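Enquirer: To start, I am sharing the structure in question, which I have written as structure tokens.
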Amino acid sequence: MLVATLYNGHLWAVAITMVTVLICILMHYEVSLRLWQHLETSRRSLRARFLMLSFVLFGTHVAQIWLFAVALALLGAHPLTGDLVGMASLNFLDYVYFSAITYTTLGFGDLVPTGPIRFTTGTEALIGLMLITWSASITFLEMQRHWSARRER
């Protein structure tokens with residue numbers, strides 16, 4: 001009975017994590033694709049294009065952090081998937097805070113995941129690193145395009 005109960009909790013954690021990862025990757029792809037297409041045809045100044053690039057990518061990362069916070073809160077409400085320990089009671093913004101420090105791999109350690117929810121937090125750190133790197137690559141490519149255009153003048 002105990003094994004079946006633990007197995008159920010793990011299945012929920014894996015399922016919710018995989019759905020969250022899928023949504024985050026698709027979101028990042030769609031935003032990046034549309035942003036890049038817009039930047040290619042934009043006649044705005046470098047400053048305006050770079051500001052738009054920065055704020056859109058930042059907003060995308062914030063949305064992904066909040067998406068993982070929702071996943072963590074859902075798992076935290078399920079009795080078999082574990083929770084975050086370190087505070088007497090958690091509210092949703094505590095999940096957002098924990099998601100942000102996990103996504104960015106900062107990891108203060110004031111909140112600690114226990115149980116199957118650890119799978120979600122480990123996966124969030126990996127996907128956060130991947131998506132932040134993806135954004136850094138897009139930023140570099142835009143700056144490279146600007147530098148090339150300046151050299152040609």
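Ligands are numbered from 1 in the order shown, chains are lettered A, B, ... in the order of the structure tokens, and residues start at 1 in each chain.
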Quick one: DSSP strand (DSSP E) residues in chain A, as an MDAnalysis selection string?
Expert: chainID A and resid 83:85 112:114
Enquirer: Write out, as an mmCIF file, in the first residue's frame, the residues just selected, with N, CA and C atoms.
Expert:
```cif
data_model
loop_
_atom_site.group_PDB
_atom_site.id
_atom_site.type_symbol
_atom_site.label_atom_id
_atom_site.label_comp_id
_atom_site.auth_asym_id
_atom_site.auth_seq_id
_atom_site.Cartn_x
_atom_site.Cartn_y
_atom_site.Cartn_z
ATOM 1 N N ASP A 83 6.237 18.759 -0.415
ATOM 2 C CA ASP A 83 5.992 20.190 -0.258
ATOM 3 C C ASP A 83 7.314 20.910 -0.054
ATOM 4 N N LEU A 84 7.209 22.220 0.148
ATOM 5 C CA LEU A 84 8.364 23.019 0.504
ATOM 6 C C LEU A 84 8.354 23.215 2.008
ATOM 7 N N VAL A 85 9.476 22.988 2.650
ATOM 8 C CA VAL A 85 9.564 23.188 4.094
ATOM 9 C C VAL A 85 10.568 24.304 4.374
ATOM 10 N N VAL A 112 13.066 24.269 1.270
ATOM 11 C CA VAL A 112 13.635 23.007 0.797
ATOM 12 C C VAL A 112 12.495 22.098 0.331
ATOM 13 N N PRO A 113 12.594 21.572 -0.889
ATOM 14 C CA PRO A 113 11.562 20.641 -1.355
ATOM 15 C C PRO A 113 11.747 19.265 -0.719
ATOM 16 N N THR A 114 10.632 18.638 -0.401
ATOM 17 C CA THR A 114 10.671 17.274 0.138
ATOM 18 C C THR A 114 9.703 16.417 -0.662
#
```
Enquirer: So which bits of segment 4-130 of chain A end up alpha helix (DSSP H) when you DSSP the backbone, as an MDAnalysis selection string?
Expert: chainID A and resid 4:41 46:77 92:103 117:130
Enquirer: Take atom CA of Arg145 of chain A and atom CA of Arg34 of chain A and report the distance between them in Å, one decimal.
Expert: 17.0 Å
Enquirer: Have a look at A:Ser89, A:Thr139, A:Gly115, A:Thr102 and name the one nearest to Leu35 of chain A; count only C-alpha atoms.
Expert: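 Once distances to Leu35 of chain A are computed over only C-alpha atoms, the minimum belongs to A:Thr139.
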Enquirer: So which residues touch Arg47 of chain A within 12 Å, counting only C-alpha atoms, skipping near sequence neighbours fewer than 6 positions away, as an MDAnalysis selection string?
Expert: chainID A and resid 39 53:54 142:143 146
Enquirer: So how far away is atom CA of Leu111 of chain A from atom CA of Met87 of chain A, in Å?
Expert: 7.2 Å
Enquirer: Smallest atom-to-atom distance to Ile16 of chain A: which of A:Ile101, A:Ala77, A:Leu72, A:Ala125, using only C-alpha atoms?
Expert: A:Leu72
Enquirer: Between A:Val19, A:Leu57, A:Val14, A:Ala71, single out the one closest to Leu33 of chain A, counting only C-alpha atoms.
Expert: A:Leu57
Enquirer: When you draw a straight line from atom CA of Thr105 of chain A to atom CA of Leu126 of chain A, how long is it in Å?
Expert: 8.3 Å
Enquirer: Please list as a list in words every residue within 8 Å of His10 of chain A, counting only C-alpha atoms and excluding residues in the same chain fewer than 4 positions away.
Expert: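 Selected residues are Leu6, Val14, Leu80, Thr81, Pro116 and Ile117 of chain A.
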Enquirer: Go through A:Ile25, A:Val56, A:Ala15, A:Ala69 and flag the residue nearest Tyr95 of chain A, using only C-alpha atoms for the distances.
Expert: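 Comparing A:Ile25, A:Val56, A:Ala15, A:Ala69 against Tyr95 of chain A, the winner is A:Ala69.
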Enquirer: Ranking A:Leu90, A:Ile138, A:Leu106, A:Ile127 by minimum distance to Ser32 of chain A and counting only C-alpha atoms, which one comes first?
Expert: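 Of all the options, A:Ile138 lies closest to Ser32 of chain A.
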Enquirer: Within 9 Å of Trp66 of chain A, counting only C-alpha atoms, which residues qualify if same-chain residues fewer than 2 places away don't, as a list in words?
Expert: His61, Val62, Ala63, Gln64, Phe68, Ala69, Val70, Ala71, Tyr95, Val96, Ser99 and Ala100 of chain A
